[in-house]
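Have a look at the structure below before the remarks.
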Amino acid sequence: MSVTDTRLEAPTGVRAHTVGRAEDVPPGEGRAFVAGGVQVAVFRLRDGSLHATQAACPHAGGPLADGQTDPDVLVCPLHLYGFRWTDGSSTAGVPPVTRYPVREVDGLLVVET
Amino acid sequence: MRVLGGRPEGLTSLSLDGDLDPRARLVVVGNGMAGARLVEEVLERGGGEQFRITVFGDEPHGTYNRIMLSPVLAGETAEDEIVLNSHDWYADNGVTLRAGVRVERVDTAAKVVHAADGSSTAYDHLVLATGSHSFVPPMAGVRTDDGGLLPGVYGFRTIDETRAMLAATSCCRRAVVLGGGLLGLEAARALQGHGLEVDLVHAMPWLMNAQLSREAGAVLERSVASLGITVHLDVLATEVLGDGHVEGVLLRDGRRLDCDLLVVAAGVRPHTDVAVRSGLEVERGVVVDDQLRTDDPDVYAIGECAQHRGAVYGLVAPAWEHARVLADVLTGTDPTAEYHGSRTATKLKVAGVDVAVMGVSTPERDSDEVLVISEPKRGVHLSVVVRDDRLVGATLLGDTRKVAYLTQAFDRGTALPEERIRLLVDLSDGREEVGVADLPADSQVCNCNGVTKGAICGAVADGCGSVGAVMDRTRAGKGCGSCKALVKQVVEWAADGDVAEDPAAAYYVPGVPLAKPALVAAIRERELRSVSAVFAALAPGGREDARSKMGLASLLKTVWGTDLVREKDAEFVNDRVHANIQRDGTFSVVPQMKGGVTTPAQLRRIADVAEKYEVPMVKVTGGQRIDLLGVRKEDLPAVWADLGMPSGYAYGKSMRTVKTCVGSDFCRFGLDDSTQLGIDLETRFQGIESPAKIKMAVVGCPRNCAEAYVKDVGVVAVGSGRWEVYVGGAAGATVRKGDLLATVGSPQEVLTLVGRFLQYYREHANWLERTYDFVPRVGLERVRSVVVDDAEGIGADLDAGMQRSIDAYTDPWGQDGREPATPGQFRAALPLLPLPLVPVR
């Protein structure tokens, strides 16, 4: 599988962290990891693409890795706020989520924080 | 015979010889509600120091509440609960009660009362409160040679008659009730509740003709008939059949109704024998003036035996007014007190139907305004009569929400609204619109998500053109949903009426543009067995939608049972891990506890688990189970294994729990084994997927201790092995009493009927539509015709569909606990960050 999120250029000082194996994240679901002391949620959509966000919802701290996804948004399980993959913005006016570049390298998940 | 309100040591209370007593002698004939109330009113005015009071009562009992005989007959009220003043009460208050002593005659010249036991009692003031007796219409064979009623024939007036009828219900099968007034209807309902087949015969063309208009009577008839009581109108019974015991009645039109119990409730007549024998003026009742005085200056009459300005009342309220006025007069508290007649307004429950009646029932003059709202299907009939801008009559049948307002308007003659319809219904336009406009911008409309009116208006100003778009943007109305109507009003007001119709409102889920029936048909036809297959085939552009996944996953389980391709990502987190997510990302664990019944061993295990996993809170739930709150996700499989109990499904859109009362095993009022039936229901329907959660309850009597009337499915034992099944009840953000679906004769029938109702609900309800919205939307009549009468011929299909789901049941804890369904199913989602902590109590 190729690198799927190249839209964000990693700023200087950013480091890549291997957080787990590719099969740790089943299709359509999310899992939480720690990448260099930062908690992240990694998602694999049904189209195969990988995405990573902050692990806690900016609204009320909900566990985003337990949310549901589609090609457009991630929905937090606590109060069902939606966040767009394109820019992390909320569909309902709460603060946006921070996104992190994530890719698969030799069957491993690599997140840059 | 047991004396109601009696004293353990005997009936008589000792009274000292009164020769030295300077107090005047007040004698009351009649120990019913009027006589007893008079004594109370006199005592309240300090009359105990003025009068030596003696009360004669025909019945041996203390004073009891005659109005409550119907619930006693129905088995809903114990007879001890209807005692108003016991023998002890009389003794404690220094009143001599001569219970069981009938007064024969009054010598008004000598001022002496002669009683049937040969005693003579002198009086200074005498009050007749002799009440009424049952009127037995002339029918051949109704009486035996000695003048008594034929065995098996009962009046419905006294506790002794009620006891006799109650005793008879256990060995009778068919009852005929003569009289379609209040008392007859109550008797019919009560007997029917004991499992008897009941025919009601009424001589007039409609029920409760004295209080209701013909139209209202017809609506009531429909409601009564729906209970299973057969109503015969406009026909007289001419003969009572049976030799030695009643076997049936013959109607004037030649029909014969078989019965082994006959209740005569064809009205009452004032009890005036004593007054007649004593030479007092009697017409229909004992004639009294405005101070309740008869034509003898020291003799008074009150209650149902009195006739004042031509009126004889059969209700308790006028009797109490009589008692107040007469007590004022006798004690001198207000020697000029006068009674000027009663405007009778009454609110009662007849055969399970709420009825409120005041004043006239139909217009009487050409200029009278009348407004009628009649919904026979719902059993609702409302009418008001207005004369010269004053309310002169109102009838509320089946819906008495406006009774307080109307009673006030009727009693006080307060001003009436210009639009008369507002007398009967709260309109949602007009005033409501002003209400929305007047709402300050910072007032909260949606309390769940904290959305203000200003935020909603802002969303509209930003271009949200439909209610749905505003709800998506602001999340208003997306919590409990109870504010949706208000949100809609605010949006319409803010958009100045320029609101687009929301086509999506009819979709089962937002991401697939089909209503539920079309969606189910397409899923079946195209054999779509996974959520991603549904999106690929039916969504615009084959596009997934996160917010539609949960509803589709549920629907597929309903349609296919086990025969589907499960996709974990389509499930909400609760369903993925079989526990309910909490605000801090931990979970609550509720083991199954069928019918709320547990054992010491289970409790011990729950306690051990709570300690071992440091569960922050252990709480008893509203559904009679035990909730372990704050369990870490990664601990879930181990917690389940240690508990060794099946899942209680406290997290799913599924059948949750069946609450029960202790039923007949321990409760002294229990009519049937509600606990076992609750366990059986929970066993049969455990974990059944549905459009929204389903809560049930079974109670062993109509006291309803486990709140069955406000459950999605509520079952109520009514005695003689019969059960009432209620559906569509709620006691959450919405409170609604369930509708009576049917009364059935065995637990097995309850299981079948509930299964069929649930399957119909599962197949036809919208996603997240609770039964309390579903049943009114579809209509109770429709639901009943499908699931009870099988009018559409789909009963067998429904039963088979439900059976398929029941057969597909597996305990998810046992399943996923052993081997995770997906990698990392129970991996912590929030291992590090400090979250808002729920305090440990």
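Order determines the names: the first chain of the structure tokens is A, the second B, and so forth; residues in each chain are numbered 1 upward, and ligands are numbered 1 upward as they are shown.
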Exercise. A:Ser89: which residues within 12 Å, counting only C-alpha atoms, same-chain residues fewer than 6 positions away excluded, as a VMD selection string?
Worked result: chain A and resid 53 57 to 59 72 to 75 81 to 83 95 to 99
For this session: Pull out every residue of chain B that has at least one atom within 9 Å of chain A, counting only C-alpha atoms, and report them as number ranges by chain.
Result: B: 449, 472-475, 479, 532, 543-547, 549, 567-574, 581-585, 822-825, 827-833, 835-836
Using only N, CA and C atoms, please write the residues we just selected to a file, as a compact mmCIF listing (two decimals), in the first residue's frame.
```txt
# COMPACT_ATOMS: atom_id res chain seq x y z
N ASN B 449 -28.30 19.73 23.94
CA ASN B 449 -27.09 20.19 23.28
C ASN B 449 -26.85 21.67 23.50
N ASP B 472 -28.84 19.76 11.73
CA ASP B 472 -27.49 19.24 11.47
C ASP B 472 -26.44 20.26 11.88
N ARG B 473 -26.70 21.52 11.55
CA ARG B 473 -25.72 22.56 11.81
C ARG B 473 -25.56 22.82 13.31
N THR B 474 -26.71 22.95 13.99
CA THR B 474 -26.66 23.38 15.40
C THR B 474 -26.72 22.21 16.37
N ARG B 475 -27.17 21.07 15.91
CA ARG B 475 -27.41 19.88 16.74
C ARG B 475 -28.63 20.05 17.63
N GLY B 479 -30.63 15.58 20.66
CA GLY B 479 -30.41 14.83 21.90
C GLY B 479 -31.59 13.91 22.13
N SER B 532 -22.09 -2.18 3.66
CA SER B 532 -21.39 -1.59 2.50
C SER B 532 -22.07 -1.98 1.19
N ARG B 543 -22.17 6.19 -2.23
CA ARG B 543 -21.35 6.83 -1.20
C ARG B 543 -21.78 6.40 0.20
N GLU B 544 -20.78 6.04 1.00
CA GLU B 544 -21.03 5.70 2.41
C GLU B 544 -21.48 6.93 3.19
N ASP B 545 -22.21 6.72 4.25
CA ASP B 545 -22.57 7.82 5.15
C ASP B 545 -22.45 7.33 6.58
N ALA B 546 -21.55 7.98 7.35
CA ALA B 546 -21.26 7.50 8.70
C ALA B 546 -22.51 7.48 9.57
N ARG B 547 -23.37 8.49 9.41
CA ARG B 547 -24.53 8.60 10.29
C ARG B 547 -25.65 7.62 9.92
N LYS B 549 -24.91 4.34 9.15
CA LYS B 549 -24.43 2.97 9.29
C LYS B 549 -25.16 2.19 10.39
N GLU B 567 -20.29 -6.23 9.58
CA GLU B 567 -19.15 -5.33 9.43
C GLU B 567 -19.07 -4.50 10.69
N LYS B 568 -18.02 -4.69 11.45
CA LYS B 568 -17.92 -4.03 12.74
C LYS B 568 -17.95 -2.52 12.62
N ASP B 569 -17.36 -1.98 11.53
CA ASP B 569 -17.30 -0.53 11.43
C ASP B 569 -18.68 0.08 11.20
N ALA B 570 -19.63 -0.75 10.80
CA ALA B 570 -20.98 -0.23 10.60
C ALA B 570 -21.69 -0.06 11.93
N GLU B 571 -21.15 -0.69 12.98
CA GLU B 571 -21.82 -0.64 14.27
C GLU B 571 -21.34 0.56 15.08
N PHE B 572 -22.23 1.06 15.90
CA PHE B 572 -21.87 2.09 16.86
C PHE B 572 -20.97 1.44 17.91
N VAL B 573 -20.14 2.25 18.56
CA VAL B 573 -19.16 1.68 19.49
C VAL B 573 -19.81 0.79 20.55
N ASN B 574 -21.00 1.16 21.01
CA ASN B 574 -21.69 0.35 22.01
C ASN B 574 -21.91 -1.08 21.51
N ILE B 581 -21.02 3.36 26.24
CA ILE B 581 -19.90 4.29 26.43
C ILE B 581 -20.32 5.45 27.35
N GLN B 582 -19.39 5.84 28.23
CA GLN B 582 -19.65 6.91 29.19
C GLN B 582 -18.87 8.16 28.79
N ARG B 583 -19.11 9.24 29.48
CA ARG B 583 -18.53 10.52 29.07
C ARG B 583 -17.01 10.52 29.10
N ASP B 584 -16.39 9.67 29.92
CA ASP B 584 -14.93 9.65 29.98
C ASP B 584 -14.32 8.53 29.13
N GLY B 585 -15.13 7.94 28.27
CA GLY B 585 -14.62 6.89 27.39
C GLY B 585 -14.59 5.52 28.03
N THR B 822 -12.71 -8.30 15.89
CA THR B 822 -11.72 -7.64 15.05
C THR B 822 -10.48 -7.41 15.89
N PRO B 823 -9.31 -7.21 15.23
CA PRO B 823 -8.11 -6.93 16.00
C PRO B 823 -8.30 -5.65 16.81
N GLY B 824 -7.90 -5.68 18.05
CA GLY B 824 -7.97 -4.47 18.87
C GLY B 824 -9.38 -4.04 19.22
N GLN B 825 -10.32 -5.00 19.20
CA GLN B 825 -11.72 -4.65 19.49
C GLN B 825 -11.83 -3.98 20.86
N ARG B 827 -9.21 -2.55 22.51
CA ARG B 827 -8.05 -1.73 22.76
C ARG B 827 -8.51 -0.37 23.29
N ALA B 828 -7.79 0.15 24.29
CA ALA B 828 -8.16 1.45 24.86
C ALA B 828 -8.12 2.51 23.77
N ALA B 829 -9.12 3.37 23.75
CA ALA B 829 -9.14 4.44 22.77
C ALA B 829 -8.54 5.72 23.34
N LEU B 830 -8.41 5.77 24.64
CA LEU B 830 -7.88 6.98 25.27
C LEU B 830 -6.99 6.58 26.43
N PRO B 831 -5.78 6.12 26.14
CA PRO B 831 -4.97 5.59 27.24
C PRO B 831 -4.27 6.65 28.08
N LEU B 832 -4.06 7.84 27.54
CA LEU B 832 -3.13 8.73 28.23
C LEU B 832 -3.74 10.02 28.77
N LEU B 833 -4.48 10.67 27.90
CA LEU B 833 -4.90 12.04 28.25
C LEU B 833 -5.76 12.06 29.51
N LEU B 835 -8.84 12.96 31.28
CA LEU B 835 -10.17 13.31 30.77
C LEU B 835 -10.99 13.89 31.90
N PRO B 836 -12.11 14.53 31.56
CA PRO B 836 -12.99 14.97 32.65
C PRO B 836 -13.36 13.75 33.49
```
Enumerate the residues of stretch 201-355 of chain B with a DSSP assignment of strand (DSSP E or B), computed from the backbone, and present them as a short mmCIF file (atom, residue, chain, number, x, y, z; two decimals) with C-alpha atoms, in the first residue's frame.
```cif
data_model
loop_
_atom_site.label_atom_id
_atom_site.label_comp_id
_atom_site.auth_asym_id
_atom_site.auth_seq_id
_atom_site.Cartn_x
_atom_site.Cartn_y
_atom_site.Cartn_z
CA VAL B 201 -78.57 -4.07 28.96
CA THR B 230 -71.46 -6.59 24.81
CA VAL B 231 -73.84 -3.63 24.91
CA HIS B 232 -77.60 -3.89 24.23
CA ALA B 237 -85.50 -6.78 30.44
CA THR B 238 -88.96 -8.15 31.12
CA GLU B 239 -88.33 -11.40 32.90
CA VAL B 240 -85.70 -13.01 35.06
CA LEU B 241 -85.34 -16.71 34.32
CA GLY B 248 -80.85 -15.68 32.34
CA VAL B 249 -82.99 -12.71 31.41
CA LEU B 250 -85.60 -12.29 28.74
CA LEU B 251 -85.59 -9.01 26.79
CA ARG B 256 -82.73 -14.40 25.87
CA LEU B 257 -79.41 -13.69 27.54
CA ASP B 258 -78.03 -16.53 29.63
CA LEU B 261 -75.03 -13.48 37.75
CA LEU B 262 -77.43 -10.57 37.31
CA VAL B 263 -76.59 -7.07 38.53
CA VAL B 264 -79.43 -4.58 38.78
CA VAL B 268 -81.53 4.62 42.62
CA ARG B 269 -84.51 6.06 44.43
CA PRO B 270 -84.42 8.25 47.54
CA VAL B 282 -92.37 13.72 50.67
CA VAL B 286 -88.01 14.54 51.52
CA VAL B 287 -88.92 18.14 50.81
CA VAL B 288 -86.61 20.68 52.46
CA ARG B 293 -85.45 21.87 57.11
CA VAL B 299 -86.38 17.70 61.47
CA TYR B 300 -83.87 18.17 58.63
CA ALA B 301 -82.95 16.08 55.60
CA ALA B 306 -83.52 15.31 50.25
CA GLN B 307 -85.44 17.23 47.61
CA HIS B 308 -84.45 20.88 47.43
CA ALA B 311 -83.94 18.80 42.65
CA ALA B 345 -69.48 19.26 37.88
CA THR B 346 -68.12 15.79 38.12
CA LYS B 347 -65.01 14.05 36.94
CA LEU B 348 -64.79 10.32 37.07
CA LYS B 349 -63.48 7.26 35.38
CA VAL B 350 -66.11 5.02 33.85
CA VAL B 353 -62.59 5.95 30.33
CA ASP B 354 -62.07 9.43 31.79
CA VAL B 355 -65.31 11.38 31.88
#
```
Exercise. Residues at most 7 Å from stretch 212-221 of chain B, counting only C-alpha atoms, excluding those fewer than 4 positions away in the same chain, as a PyMOL selection string?
Worked result: chain B and resi 206-208+225+361-362+376+379-381
Could the residues in this selection be saved with N, CA and C atoms as a compact mmCIF listing (two decimals), in the first residue's frame?
```txt
# COMPACT_ATOMS: atom_id res chain seq x y z
N TRP B 206 -78.86 5.45 24.57
CA TRP B 206 -77.41 5.56 24.67
C TRP B 206 -76.96 5.49 26.11
N LEU B 207 -75.68 5.18 26.29
CA LEU B 207 -75.13 4.98 27.63
C LEU B 207 -75.05 6.30 28.39
N MET B 208 -75.16 6.24 29.69
CA MET B 208 -75.08 7.40 30.58
C MET B 208 -75.94 8.54 30.06
N ALA B 225 -67.37 -1.28 24.34
CA ALA B 225 -67.42 -2.49 23.52
C ALA B 225 -66.01 -3.01 23.24
N SER B 361 -75.75 19.00 28.76
CA SER B 361 -74.96 18.23 27.81
C SER B 361 -75.26 18.61 26.36
N THR B 362 -76.40 19.25 26.14
CA THR B 362 -76.76 19.64 24.78
C THR B 362 -77.35 21.06 24.81
N PRO B 376 -64.39 9.36 17.49
CA PRO B 376 -64.81 8.06 18.01
C PRO B 376 -63.69 7.03 17.98
N GLY B 379 -61.81 7.31 20.89
CA GLY B 379 -62.63 7.29 22.09
C GLY B 379 -62.73 8.65 22.74
N VAL B 380 -62.59 9.71 21.93
CA VAL B 380 -62.62 11.06 22.48
C VAL B 380 -63.84 11.81 21.96
N HIS B 381 -64.57 12.43 22.89
CA HIS B 381 -65.70 13.28 22.50
C HIS B 381 -65.73 14.45 23.46
```
For this session: Please identify all polymer residues within 12 Å of B:Glu81, counting only C-alpha atoms, omitting same-chain residues fewer than 3 positions from it, and present them as a PyMOL selection string.
Result: chain B and resi 4-5+63-66+68-69+71-72+75-78+84-86
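Those residues that approach B:Asp388 to within 10 Å, counting only C-alpha atoms, are Ser367, Asp368 and Glu369 of chain B; same-chain residues fewer than 5 positions away are not listed.
Omitting B:Ala796 and its sequence neighbours fewer than 3 positions away, and counting only C-alpha atoms, the residues within 12 Å are Thr752, Leu753, Gly755, Arg756, Gln759, Tyr760, Val786, Val787, Val788, Asp789, Asp790, Ala791, Glu792, Gly793, Asp799, Ala800, Gly801, Met802 and Gln803 of chain B.
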Could you pull the residues within 9 Å of B:Glu321, counting only C-alpha atoms, minus those fewer than 6 positions along the same chain, as a PDB file with N, CA and C atoms, in the first residue's frame?
```pdb
ATOM      1  N   GLY B 303     -78.495  15.140  51.757  1.00  0.00           N
ATOM      2  CA  GLY B 303     -77.966  14.080  50.894  1.00  0.00           C
ATOM      3  C   GLY B 303     -78.984  13.632  49.854  1.00  0.00           C
ATOM      4  N   TYR B 339     -78.660  27.074  51.652  1.00  0.00           N
ATOM      5  CA  TYR B 339     -78.221  26.275  50.500  1.00  0.00           C
ATOM      6  C   TYR B 339     -79.099  26.662  49.320  1.00  0.00           C
ATOM      7  N   GLY B 341     -78.790  25.272  46.068  1.00  0.00           N
ATOM      8  CA  GLY B 341     -78.664  24.343  44.942  1.00  0.00           C
ATOM      9  C   GLY B 341     -77.225  24.209  44.497  1.00  0.00           C
ATOM     10  N   SER B 342     -76.915  23.141  43.774  1.00  0.00           N
ATOM     11  CA  SER B 342     -75.550  22.870  43.345  1.00  0.00           C
ATOM     12  C   SER B 342     -75.454  22.936  41.835  1.00  0.00           C
TER      13      SER B 342
END
```
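With only C-alpha atoms as the basis for measurement, B:Val590 is the residue among B:Val590, B:Leu97, B:Val783, B:Val531 that approaches B:Gly622 most closely.
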For this session: Based on DSSP run over this structure's backbone, return all residues of chain A in helix (DSSP H, G or I), as a PyMOL selection string.
Result: chain A and resi 22-24+64-66
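Reported to one decimal place, the separation of atom CA of B:Val224 from atom CA of B:Pro363 is 25.8 Å.
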Problem set entry | Pairwise distance for atom CA of A:Arg44 and atom CA of A:Trp85, rounded to one decimal in Å | 11.9 Å
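Computed from the coordinates, the atom CA of B:Ile229 to atom CA of B:Ala742 distance equals 12.9 Å.
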